[in-house]
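Visitor: Below is the file entry.cif, which contains mmCIF, C-alpha atoms and all ligand atoms.
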data_structure
loop_
_atom_site.label_atom_id
_atom_site.label_comp_id
_atom_site.auth_asym_id
_atom_site.auth_seq_id
_atom_site.Cartn_x
_atom_site.Cartn_y
_atom_site.Cartn_z
CA MET A 1 0.00 0.00 0.00
CA ARG A 2 2.76 2.35 0.95
CA ARG A 3 4.75 1.43 -2.18
CA ALA A 4 1.72 2.04 -4.44
CA CYS A 5 1.25 5.47 -2.94
CA PHE A 6 4.95 6.25 -3.41
CA CYS A 7 4.80 5.28 -7.13
CA LEU A 8 1.72 7.37 -7.68
CA THR A 9 3.42 10.29 -6.00
CA ILE A 10 6.41 10.01 -8.34
CA ILE A 11 4.19 9.79 -11.42
CA ALA A 12 2.21 12.79 -10.25
CA THR A 13 5.39 14.74 -9.54
CA ILE A 14 6.90 13.94 -12.93
CA THR A 15 3.70 14.81 -14.74
CA ALA A 16 3.21 18.02 -12.81
CA LEU A 17 6.82 19.14 -12.80
CA PRO A 18 6.88 21.35 -15.91
CA ASN A 19 3.64 23.03 -14.88
CA ALA A 20 4.60 23.30 -11.22
CA GLN A 21 7.74 25.16 -12.24
CA THR A 22 6.10 27.44 -14.76
CA GLN A 23 2.64 27.98 -13.28
CA GLU A 24 3.65 29.68 -10.10
CA PHE A 25 0.65 32.05 -10.25
CA ASP A 26 -3.03 31.16 -9.88
CA LEU A 27 -4.14 34.19 -11.86
CA LEU A 28 -2.44 36.71 -14.13
CA ILE A 29 -4.27 39.91 -15.05
CA LYS A 30 -2.53 40.91 -18.22
CA GLY A 31 -2.10 44.11 -20.18
CA GLY A 32 -4.24 46.45 -18.07
CA HIS A 33 -3.38 49.99 -17.01
CA VAL A 34 -2.68 49.61 -13.30
CA ILE A 35 -3.68 52.46 -11.00
CA ASP A 36 -2.34 51.75 -7.52
CA PRO A 37 -2.05 55.17 -5.86
CA LYS A 38 -0.47 53.95 -2.62
CA ASN A 39 2.44 52.37 -4.50
CA GLY A 40 2.69 55.13 -7.09
CA VAL A 41 1.84 52.82 -10.01
CA ASN A 42 0.05 54.41 -12.97
CA SER A 43 1.05 52.49 -16.09
CA VAL A 44 0.45 49.31 -18.10
CA GLN A 45 1.53 46.37 -15.95
CA ASP A 46 0.62 42.74 -15.36
CA VAL A 47 -0.64 41.71 -11.94
CA ALA A 48 0.01 38.17 -10.75
CA VAL A 49 -1.80 36.45 -7.89
CA ALA A 50 -0.71 33.41 -5.91
CA LYS A 51 -2.25 31.82 -2.81
CA GLY A 52 -4.73 34.66 -2.46
CA ARG A 53 -2.10 37.41 -2.40
CA ILE A 54 -0.51 39.82 -4.85
CA ALA A 55 2.64 38.01 -6.01
CA LEU A 56 4.07 40.30 -8.68
CA VAL A 57 3.31 43.58 -10.46
CA ALA A 58 5.55 43.92 -13.52
CA ALA A 59 5.53 44.47 -17.27
CA ASN A 60 5.30 41.50 -19.63
CA VAL A 61 4.88 38.57 -17.27
CA ALA A 62 4.73 35.40 -19.40
CA ARG A 63 1.23 33.94 -19.52
CA GLU A 64 2.63 30.42 -19.17
CA ARG A 65 3.53 31.25 -15.59
CA ALA A 66 -0.14 31.38 -14.56
CA ARG A 67 -2.95 28.84 -14.37
CA ASP A 68 -5.59 31.40 -15.38
CA VAL A 69 -5.03 34.52 -17.44
CA ALA A 70 -7.41 37.48 -17.64
CA ASP A 71 -6.89 39.80 -20.60
CA ALA A 72 -7.29 43.33 -19.26
CA THR A 73 -6.07 45.14 -22.39
CA GLY A 74 -7.83 48.50 -22.62
CA PHE A 75 -9.05 48.33 -19.00
CA TYR A 76 -7.86 49.79 -15.71
CA VAL A 77 -6.66 47.47 -12.97
CA THR A 78 -7.18 48.92 -9.50
CA PRO A 79 -7.30 47.79 -5.89
CA GLY A 80 -10.67 46.28 -4.93
CA LEU A 81 -12.89 49.26 -4.11
CA ILE A 82 -13.78 50.17 -0.54
CA ASP A 83 -17.17 51.70 0.23
CA ILE A 84 -17.01 53.43 3.61
CA HIS A 85 -20.75 54.16 3.82
CA ALA A 86 -23.24 51.34 3.18
CA HIS A 87 -26.16 49.74 4.97
CA VAL A 88 -25.91 45.97 4.88
CA PHE A 89 -27.30 44.80 8.25
CA TRP A 90 -30.24 43.23 6.44
CA GLY A 91 -32.82 41.15 8.21
CA HIS A 92 -36.53 40.85 8.83
CA ASP A 93 -37.33 42.61 12.04
CA GLU A 94 -40.39 44.53 10.88
CA GLU A 95 -39.91 47.05 13.74
CA SER A 96 -36.49 48.06 12.43
CA GLN A 97 -34.99 49.85 9.43
CA TYR A 98 -31.21 49.53 8.94
CA SER A 99 -30.51 47.24 11.88
CA ASP A 100 -31.62 43.70 11.06
CA GLY A 101 -34.32 45.38 8.96
CA TYR A 102 -35.75 45.56 5.46
CA SER A 103 -34.11 48.86 4.50
CA ALA A 104 -30.60 47.36 4.45
CA VAL A 105 -29.32 45.13 1.64
CA GLN A 106 -27.40 41.88 1.26
CA PRO A 107 -23.72 42.80 0.69
CA ASP A 108 -22.70 40.21 -1.94
CA SER A 109 -25.66 41.11 -4.15
CA HIS A 110 -24.23 44.61 -4.68
CA SER A 111 -20.50 44.58 -4.00
CA PHE A 112 -18.58 42.49 -6.53
CA ARG A 113 -20.51 43.56 -9.63
CA ALA A 114 -19.36 47.11 -8.85
CA GLY A 115 -15.71 46.27 -8.14
CA GLN A 116 -16.12 46.48 -4.37
CA THR A 117 -14.39 44.03 -2.09
CA THR A 118 -14.98 45.87 1.19
CA LEU A 119 -18.23 47.38 2.41
CA VAL A 120 -18.43 49.32 5.64
CA ASP A 121 -21.82 49.26 7.30
CA VAL A 122 -22.19 52.57 9.11
CA GLY A 123 -24.42 52.53 12.13
CA GLY A 124 -26.64 49.54 11.40
CA ALA A 125 -25.44 47.85 14.56
CA GLY A 126 -24.83 49.37 17.98
CA TRP A 127 -22.87 47.73 20.80
CA ARG A 128 -25.94 45.67 21.73
CA SER A 129 -26.78 44.38 18.24
CA PHE A 130 -23.26 43.88 16.87
CA PRO A 131 -23.05 40.14 17.75
CA LYS A 132 -26.17 39.50 15.67
CA PHE A 133 -24.77 41.59 12.79
CA LYS A 134 -21.58 39.55 12.86
CA GLU A 135 -23.35 36.20 12.95
CA GLN A 136 -26.03 37.10 10.41
CA VAL A 137 -24.10 39.19 7.87
CA ILE A 138 -20.35 39.55 8.40
CA ASP A 139 -19.59 35.85 8.86
CA ARG A 140 -21.84 34.79 5.95
CA SER A 141 -20.64 37.26 3.31
CA ARG A 142 -17.86 36.78 0.81
CA THR A 143 -17.51 40.57 0.75
CA ARG A 144 -15.34 41.90 3.55
CA VAL A 145 -17.89 43.63 5.76
CA LEU A 146 -16.66 46.10 8.39
CA SER A 147 -18.62 48.25 10.80
CA PHE A 148 -18.92 51.74 12.21
CA LEU A 149 -20.78 51.03 15.43
CA ASN A 150 -23.76 53.30 16.08
CA ILE A 151 -23.41 55.34 19.26
CA VAL A 152 -26.99 54.18 19.90
CA GLY A 153 -26.68 50.77 21.58
CA SER A 154 -29.62 49.33 19.63
CA GLY A 155 -28.34 50.65 16.29
CA MET A 156 -30.17 52.28 13.40
CA ARG A 157 -33.66 50.96 14.07
CA GLY A 158 -35.39 54.24 13.21
CA GLY A 159 -37.97 56.23 15.21
CA PRO A 160 -37.64 57.02 18.91
CA VAL A 161 -34.93 54.37 19.47
CA GLU A 162 -32.40 56.63 17.73
CA GLN A 163 -33.44 59.63 19.86
CA ASN A 164 -32.78 57.92 23.17
CA LEU A 165 -29.79 59.61 24.80
CA ALA A 166 -29.93 57.05 27.59
CA ASP A 167 -28.91 54.38 25.06
CA MET A 168 -25.79 56.27 23.87
CA ASP A 169 -23.07 54.89 26.08
CA PRO A 170 -19.46 55.66 25.09
CA ARG A 171 -17.99 53.16 27.56
CA LEU A 172 -20.01 50.17 26.34
CA THR A 173 -19.50 51.24 22.73
CA ALA A 174 -15.74 51.36 23.27
CA MET A 175 -15.82 47.94 24.93
CA ARG A 176 -17.45 46.42 21.86
CA VAL A 177 -14.94 48.13 19.54
CA ARG A 178 -12.05 46.67 21.54
CA GLU A 179 -13.64 43.22 21.41
CA HIS A 180 -13.77 43.30 17.59
CA LYS A 181 -10.93 45.58 16.55
CA GLU A 182 -10.53 43.76 13.23
CA LEU A 183 -14.17 44.37 12.26
CA ILE A 184 -15.26 47.61 13.96
CA VAL A 185 -13.38 50.52 12.38
CA GLY A 186 -15.35 53.55 13.57
CA ILE A 187 -18.31 55.07 15.41
CA LYS A 188 -21.40 56.51 13.70
CA VAL A 189 -23.70 59.32 14.70
CA ALA A 190 -26.92 59.73 12.70
CA HIS A 191 -30.53 60.83 12.76
CA TYR A 192 -30.55 62.46 16.20
CA ASN A 193 -32.79 65.52 15.98
CA GLY A 194 -32.55 67.00 19.46
CA PRO A 195 -30.95 70.35 20.29
CA ASP A 196 -27.83 68.99 21.98
CA TRP A 197 -24.37 67.79 21.02
CA ASP A 198 -24.36 64.74 23.30
CA PRO A 199 -24.46 62.06 20.56
CA VAL A 200 -21.43 63.65 18.85
CA THR A 201 -19.44 64.21 22.05
CA ARG A 202 -20.14 60.67 23.27
CA ALA A 203 -19.16 59.17 19.90
CA VAL A 204 -15.94 61.19 19.90
CA GLU A 205 -15.26 60.01 23.45
CA ALA A 206 -15.64 56.37 22.36
CA GLY A 207 -13.55 57.06 19.26
CA ARG A 208 -10.79 58.67 21.30
CA GLU A 209 -10.68 55.74 23.69
CA THR A 210 -10.35 53.22 20.89
CA ASN A 211 -8.43 55.27 18.29
CA VAL A 212 -11.09 54.97 15.59
CA PRO A 213 -12.77 57.73 13.56
CA VAL A 214 -16.28 59.07 14.04
CA MET A 215 -18.62 59.52 11.06
CA VAL A 216 -21.41 62.05 11.42
CA ASP A 217 -24.61 62.16 9.38
CA PHE A 218 -25.54 65.71 10.38
CA GLY A 219 -28.84 67.53 10.18
CA GLY A 220 -32.45 67.54 11.25
CA HIS A 221 -31.78 69.28 14.56
CA THR A 222 -34.42 71.53 16.06
CA PRO A 223 -33.20 74.18 16.56
CA PRO A 224 -30.40 73.61 14.01
CA LEU A 225 -26.87 73.00 15.26
CA ALA A 226 -24.03 74.92 13.62
CA LEU A 227 -22.05 73.04 10.96
CA GLU A 228 -19.12 75.30 11.83
CA ASP A 229 -19.09 74.07 15.42
CA LEU A 230 -19.27 70.44 14.28
CA LEU A 231 -16.36 70.83 11.86
CA LEU A 232 -14.09 73.08 13.90
CA LYS A 233 -14.91 72.26 17.52
CA HIS A 234 -16.33 68.77 17.85
CA LEU A 235 -14.74 66.61 15.14
CA ARG A 236 -11.11 65.59 15.40
CA PRO A 237 -8.74 65.38 12.43
CA GLY A 238 -9.64 62.07 10.77
CA ASP A 239 -13.32 62.23 11.73
CA ILE A 240 -15.76 62.21 8.85
CA LEU A 241 -18.63 64.38 7.66
CA THR A 242 -20.70 62.19 5.36
CA HIS A 243 -23.33 63.49 2.90
CA ALA A 244 -20.90 66.28 2.02
CA TYR A 245 -22.98 67.59 -0.93
CA ALA A 246 -26.36 67.41 0.79
CA HIS A 247 -28.79 70.21 1.47
CA VAL A 248 -31.23 68.81 3.99
CA ALA A 249 -33.52 70.43 6.53
CA GLY A 250 -31.72 71.38 9.71
CA ARG A 251 -28.23 71.32 8.19
CA ILE A 252 -26.29 74.17 6.71
CA PRO A 253 -24.90 73.09 3.29
CA ILE A 254 -21.18 73.40 2.55
CA VAL A 255 -21.81 75.82 -0.37
CA ASP A 256 -23.34 79.16 0.62
CA GLU A 257 -26.06 81.19 -1.13
CA GLN A 258 -23.45 82.90 -3.32
CA GLY A 259 -22.17 79.56 -4.56
CA LYS A 260 -18.98 79.64 -2.49
CA VAL A 261 -17.63 76.83 -0.35
CA ARG A 262 -17.85 78.21 3.18
CA PRO A 263 -14.46 79.30 4.56
CA TYR A 264 -14.85 77.15 7.70
CA VAL A 265 -15.41 74.08 5.48
CA LEU A 266 -12.05 74.75 3.81
CA GLU A 267 -10.51 75.31 7.23
CA ALA A 268 -11.94 72.01 8.47
CA ARG A 269 -10.38 70.19 5.54
CA LYS A 270 -7.06 71.82 6.37
CA ARG A 271 -7.28 70.56 9.94
CA GLY A 272 -7.91 67.03 8.66
CA VAL A 273 -11.68 66.54 8.77
CA ILE A 274 -12.68 64.02 6.09
CA PHE A 275 -15.45 64.83 3.58
CA ASP A 276 -17.30 61.78 2.32
CA ALA A 277 -19.76 61.92 -0.58
CA GLY A 278 -22.32 59.53 1.02
CA HIS A 279 -24.66 59.87 -1.98
CA GLY A 280 -27.67 57.92 -0.75
CA GLY A 281 -31.28 58.61 -1.61
CA GLY A 282 -31.30 62.20 -0.34
CA SER A 283 -27.79 63.51 -0.04
CA PHE A 284 -26.16 64.36 -3.37
CA LEU A 285 -27.21 67.56 -5.13
CA TYR A 286 -25.58 69.04 -8.24
CA ARG A 287 -26.53 72.48 -6.83
CA GLN A 288 -23.93 71.72 -4.14
CA ALA A 289 -21.53 69.38 -5.95
CA VAL A 290 -21.08 71.44 -9.15
CA PRO A 291 -20.04 74.73 -7.48
CA ALA A 292 -18.01 72.88 -4.84
CA THR A 293 -16.03 70.79 -7.34
CA LYS A 294 -15.54 73.84 -9.62
CA GLN A 295 -13.76 75.38 -6.64
CA GLY A 296 -11.69 72.21 -6.31
CA PHE A 297 -13.62 70.85 -3.35
CA TYR A 298 -13.70 67.17 -4.29
CA PRO A 299 -14.57 64.49 -1.75
CA ASP A 300 -11.89 62.60 0.16
CA VAL A 301 -13.96 59.43 -0.25
CA ILE A 302 -16.82 58.63 -2.67
CA SER A 303 -19.21 56.37 -0.80
CA THR A 304 -22.64 55.16 -1.79
CA ASP A 305 -24.87 55.19 1.30
CA LEU A 306 -26.25 52.00 -0.23
CA HIS A 307 -29.70 50.93 0.97
CA ILE A 308 -33.06 50.03 -0.57
CA GLY A 309 -33.90 53.68 -1.15
CA SER A 310 -30.70 54.57 -3.02
CA MET A 311 -29.86 51.43 -4.97
CA ASN A 312 -32.41 51.98 -7.75
CA SER A 313 -32.47 55.78 -7.75
CA GLY A 314 -29.83 58.30 -8.86
CA MET A 315 -27.11 56.62 -6.79
CA LYS A 316 -27.34 53.09 -8.31
CA ASP A 317 -23.92 51.84 -7.29
CA ILE A 318 -20.43 53.01 -6.40
CA LEU A 319 -19.24 53.11 -10.03
CA ASN A 320 -22.14 55.32 -11.07
CA THR A 321 -21.35 57.58 -8.12
CA MET A 322 -17.63 57.66 -8.94
CA SER A 323 -18.53 58.38 -12.59
CA LYS A 324 -20.34 61.54 -11.50
CA PHE A 325 -17.13 62.91 -9.98
CA LEU A 326 -15.15 61.79 -13.02
CA ASN A 327 -17.48 63.82 -15.20
CA LEU A 328 -17.28 66.73 -12.74
CA GLY A 329 -13.57 66.92 -13.53
CA MET A 330 -12.00 64.77 -10.81
CA PRO A 331 -9.06 62.96 -12.43
CA LEU A 332 -9.48 59.18 -12.75
CA GLN A 333 -6.43 58.52 -10.56
CA ASP A 334 -7.96 60.62 -7.79
CA VAL A 335 -11.35 58.94 -8.17
CA ILE A 336 -9.68 55.54 -7.77
CA LYS A 337 -7.52 56.77 -4.90
CA ALA A 338 -10.59 58.05 -3.04
CA ASN A 339 -12.04 54.55 -2.85
CA SER A 340 -8.83 52.59 -2.45
CA SER A 341 -5.80 53.90 -0.52
CA ARG A 342 -7.55 57.02 0.83
CA ALA A 343 -10.58 55.05 2.03
CA ALA A 344 -8.23 52.52 3.68
CA GLU A 345 -6.38 55.36 5.41
CA VAL A 346 -9.64 56.88 6.65
CA ILE A 347 -10.73 53.60 8.27
CA LYS A 348 -7.14 52.96 9.49
CA ARG A 349 -6.75 49.75 7.54
CA PRO A 350 -3.49 50.29 5.63
CA ASP A 351 -3.48 46.59 4.72
CA LEU A 352 -6.36 47.30 2.32
CA GLY A 353 -6.74 49.42 -0.80
CA HIS A 354 -3.48 48.71 -2.60
CA LEU A 355 -1.75 46.18 -4.85
CA GLY A 356 1.58 45.86 -3.07
CA VAL A 357 3.25 42.44 -3.19
CA GLY A 358 2.00 40.39 -0.24
CA ALA A 359 -1.31 42.26 0.09
CA GLU A 360 -4.51 40.25 0.00
CA ALA A 361 -5.42 40.02 -3.69
CA ASP A 362 -8.49 42.27 -3.82
CA ILE A 363 -8.58 43.66 -7.35
CA ALA A 364 -11.02 45.42 -9.66
CA VAL A 365 -10.72 45.60 -13.45
CA LEU A 366 -12.65 48.63 -14.66
CA ASN A 367 -13.70 49.83 -18.06
CA VAL A 368 -14.08 53.54 -18.71
CA ARG A 369 -16.81 53.59 -21.33
CA LYS A 370 -16.97 56.59 -23.65
CA GLY A 371 -20.28 57.88 -24.97
CA LYS A 372 -23.23 59.95 -23.84
CA PHE A 373 -24.51 59.09 -20.39
CA GLY A 374 -26.99 60.65 -17.96
CA PHE A 375 -26.38 60.87 -14.23
CA ILE A 376 -29.26 61.74 -11.91
CA ASP A 377 -28.99 63.48 -8.55
CA ILE A 378 -31.35 63.16 -5.59
CA ALA A 379 -33.50 66.08 -6.76
CA GLY A 380 -34.11 64.18 -10.03
CA GLY A 381 -31.93 66.49 -12.12
CA LYS A 382 -29.70 64.99 -14.79
CA MET A 383 -26.11 65.79 -15.73
CA ILE A 384 -24.81 64.63 -19.10
CA GLY A 385 -21.40 63.05 -19.08
CA ASP A 386 -19.15 61.31 -21.59
CA GLN A 387 -17.44 58.74 -19.35
CA LYS A 388 -18.84 55.91 -17.31
CA LEU A 389 -17.11 53.32 -15.17
CA GLU A 390 -18.11 49.68 -15.53
CA CYS A 391 -16.72 46.65 -13.70
CA GLU A 392 -15.27 43.88 -15.87
CA LEU A 393 -13.68 41.69 -13.22
CA THR A 394 -13.49 41.54 -9.43
CA VAL A 395 -11.05 39.40 -7.47
CA LYS A 396 -11.47 38.93 -3.73
CA GLY A 397 -8.71 37.17 -1.81
CA GLY A 398 -7.35 35.78 -5.10
CA GLN A 399 -10.68 34.34 -6.24
CA VAL A 400 -12.55 35.67 -9.27
CA VAL A 401 -15.92 36.71 -7.84
CA TRP A 402 -17.26 38.72 -10.80
CA ASP A 403 -16.42 38.41 -14.49
CA LEU A 404 -18.79 40.44 -16.67
CA ASN A 405 -17.59 39.20 -20.05
CA GLY A 406 -15.59 36.14 -19.06
CA ILE A 407 -12.17 37.75 -19.54
CA SER A 408 -10.64 35.23 -17.12
CA ARG A 409 -12.33 32.20 -18.69
CA PRO A 410 -11.42 30.06 -21.72
CA LEU A 411 -13.83 29.52 -24.59
CA TRP A 412 -16.23 26.71 -23.80
CA THR A 413 -14.88 24.76 -26.77
CA ASP A 414 -11.42 24.80 -25.18
CA LEU A 415 -12.60 23.26 -21.92
CA PRO A 416 -11.73 19.61 -21.44
CA SER A 417 -14.74 17.35 -21.34
CA PRO A 418 -16.32 17.20 -18.84
CA GLY A 419 -15.70 20.94 -18.26
CA ARG A 420 -14.77 22.45 -14.96
CA GLY A 421 -18.29 23.83 -15.03
CA GLY A 422 -19.81 26.61 -13.02
CA ASP A 423 -18.42 29.82 -11.74
CA GLN A 424 -15.63 29.86 -9.25
ZN ZN A 501 -26.37 56.15 5.55
#
For this file, produce the structure as C-alpha cells.
Ligand SMILES: [Zn+2]

Guide:
Amino acid sequence: MRRACFCLTIIATITALPNAQTQEFDLLIKGGHVIDPKNGVNSVQDVAVAKGRIALVAANVARERARDVADATGFYVTPGLIDIHAHVFWGHDEESQYSDGYSAVQPDSHSFRAGQTTLVDVGGAGWRSFPKFKEQVIDRSRTRVLSFLNIVGSGMRGGPVEQNLADMDPRLTAMRVREHKELIVGIKVAHYNGPDWDPVTRAVEAGRETNVPVMVDFGGHTPPLALEDLLLKHLRPGDILTHAYAHVAGRIPIVDEQGKVRPYVLEARKRGVIFDAGHGGGSFLYRQAVPATKQGFYPDVISTDLHIGSMNSGMKDILNTMSKFLNLGMPLQDVIKANSSRAAEVIKRPDLGHLGVGAEADIAVLNVRKGKFGFIDIAGGKMIGDQKLECELTVKGGQVVWDLNGISRPLWTDLPSPGRGGDQ
C-alpha cells in the first residue's frame, strides 16, 4: 500500500513538474493599465496572484507562468474598491430599518458587480446588536464587511430608538470596539434631531478611547446646530462628515447662497476633517456638488450610502457615483484613490486598498466607457457626461468573484470534457 502510494506520488510529480515550475501564479491579469495610488503605479503592468495574495506587479509577465489569465487590455486594474458608507445589516425585524431590517441590503448582491471588495456598514449595529450583525451578515458574506458602530446601543432601528440619549453609552460602545478591533473601524452618529451635542461628544469620546474615527450624518436638529461648530470644535482630524454635498432640513450646506464653499469648510479640511460623498437617496445635489467641485472641493472618499432607497435611484452603485465625480472633472487617478488607498487610510486599515506584493489580492478591473450618459442626482436632475465606469472583473482574496464578459475564462470549446463547469 505504501509502495503504491509512493509510485503514484512520483508519477504525479513527474507529470506536474513542468507546470509546477512554470505555473507559479493562480491568476495573471494581463495588459491592463494599473492604477495603484499607494504604490505610485500608474502604467500598463501585469498583476500576478498566488495563494490569495498579490505576487508580482511587472511588465510583460509570461502567460505560461499562470494557471488562469485574464486579458485586461484596454481596461484599468485597480485595488478592490472600498465603500465606507453602506447599509448591509439586512434582516426581517419589521420594527427596524437599517438594523436587522428591510431597508438594508445583502452585501454580496451589490459589492462584486461594482468592483467592491470591502463594504463598511455605518451605524446599522450598535454595541448591543453587533453580535447579531456579525453572525447574520459579516460571517456569511464573501464581501469583507466592516462596521462603524452606532453610538446608539440598539443601532439604526429608526424612530424614537435613535433619539434615546440614555442608550448612547461611550464606555459600552468602546468595549465592543475593543472586542472586535478587526471588524469595527469607527463610530457613527446619525438621525438624532434633538438640540444637543451629546451624541457627537459621546461618539468622539468612544472614538478617542479606541483610536477609531467618528462619522457624522448631520442635520435635522431643532433648533439647528451649527455646521461650523461640528467641523471646527467637535470633530477631530480624521473624523468624517458624510453626505458632504447634501442640502437637507436642519443642516447648513457646505456651499453658501453665493455659490462659495464656506471658509470654515475649507478650514476644516485643512485641519484634517474628512469629507465623504455619502450619496444615498437624499444627499447628493448638483446644486452643491457642481459649485463645490468647480472650486476644487472634491470628496476625500466617494461612498454610496447603499440601501433600498438609493440602490435603484440616482445613486445606483459606487461606479455610477464615482462616474459623476469623473465627469465633474475629478481625475481618474484621484477617483480611484478616493475609494482605495484614501478610504483605507480613513478607516485605518493600511493593509487594504493597494496592490503591493504580499497584500490580500483584492482587485477590480474597470472599463471607462466613452459615450453619452446621464447621471441623476437626488432632486431628479440629470447631468450629461461622456465617461462611465463599468466593472469587468473583481477578485477577492485571489478568487474571481465577478467576471462580466468572461475575460478570465477560456472559450467553452477549449474546456476539457467534462468541463470544470460553473463559476468559481
Ligand atoms: Zn447612511

Visitor: Using only C-alpha atoms and all ligand atoms, what are the residues with an atom within 7 Å of ligand ZN 501 (chain A), set out as JSON, numbers by chain?

Guide: {"A": [85, 86, 87, 122, 278, 280, 305]}

Visitor: Considering all atoms listed in the file, can you say which of A:Asn164, A:Thr210, A:Ser99, A:Ser147 comes closest to Arg178 in chain A?

Guide: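 Among the listed residues, the smallest separation from Arg178 in chain A belongs to A:Thr210.
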
Visitor: CA of Ile29 in chain A and CA of Val69 in chain A are how many Å apart?

Guide: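 Spanning CA of Ile29 in chain A to CA of Val69 in chain A is a straight-line distance of 5.9 Å.
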
Visitor: For His110 in chain A, which residue out of A:Ser323, A:Thr304, A:Thr293, A:Ser96 is the nearest one, using only C-alpha atoms?

Guide: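 Closest residue, counting only C-alpha atoms: A:Thr304.
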
Visitor: Using the file's own x, y and z axes, what box holds all listed atoms of range 287-305 of chain A with 8 Å on each side, keeping edges along x, y and z, and what are its centre and edge lengths in Å to one decimal, as AutoDock Vina command-line options?

Guide:
--center_x -19.1 --center_y 65.3 --center_z -4.2 --size_x 30.8 --size_y 36.2 --size_z 26.9

Visitor: As an MDAnalysis selection string, please: the residues near Trp127 in chain A (cut-off 12 Å, only C-alpha atoms, same-chain neighbours under 6 positions excluded).

Guide: chainID A and resid 99 133:134 147:156 167:180 184 186:188 206

Visitor: My list of candidates is A:Thr222, A:Asn312, A:Ser141, A:Gln163. Which is closest to Thr118 in chain A when distances are computed with only C-alpha atoms?

Guide: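 Of all the options, A:Ser141 lies closest to Thr118 in chain A.
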
Visitor: When distances are computed from only C-alpha atoms, which of A:Leu241, A:Ala226, A:Val265, A:Ile308 shows the smallest separation from Phe89 in chain A?

Guide: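 Using only C-alpha atoms, Phe89 in chain A sits closest to A:Ile308.
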
Visitor: Which residues of range 245-292 of chain A sit at most 12 Å from range 192-198 of chain A, using only C-alpha atoms? Give each one's shortest atom pair and distance in Å (one decimal place), in chain and ascending residue order, as CSV.

Guide:
residue,atom,partner,partner_atom,distance
A:Ala249,CA,A:Asn193,CA,10.7
A:Gly250,CA,A:Asn193,CA,8.6
A:Arg251,CA,A:Asn193,CA,10.7

Visitor: Would you mind reading off the distance between CA of Leu225 in chain A and CA of Val189 in chain A, one decimal, in Å?

Guide: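 Separation between CA of Leu225 in chain A and CA of Val189 in chain A: 14.1 Å.
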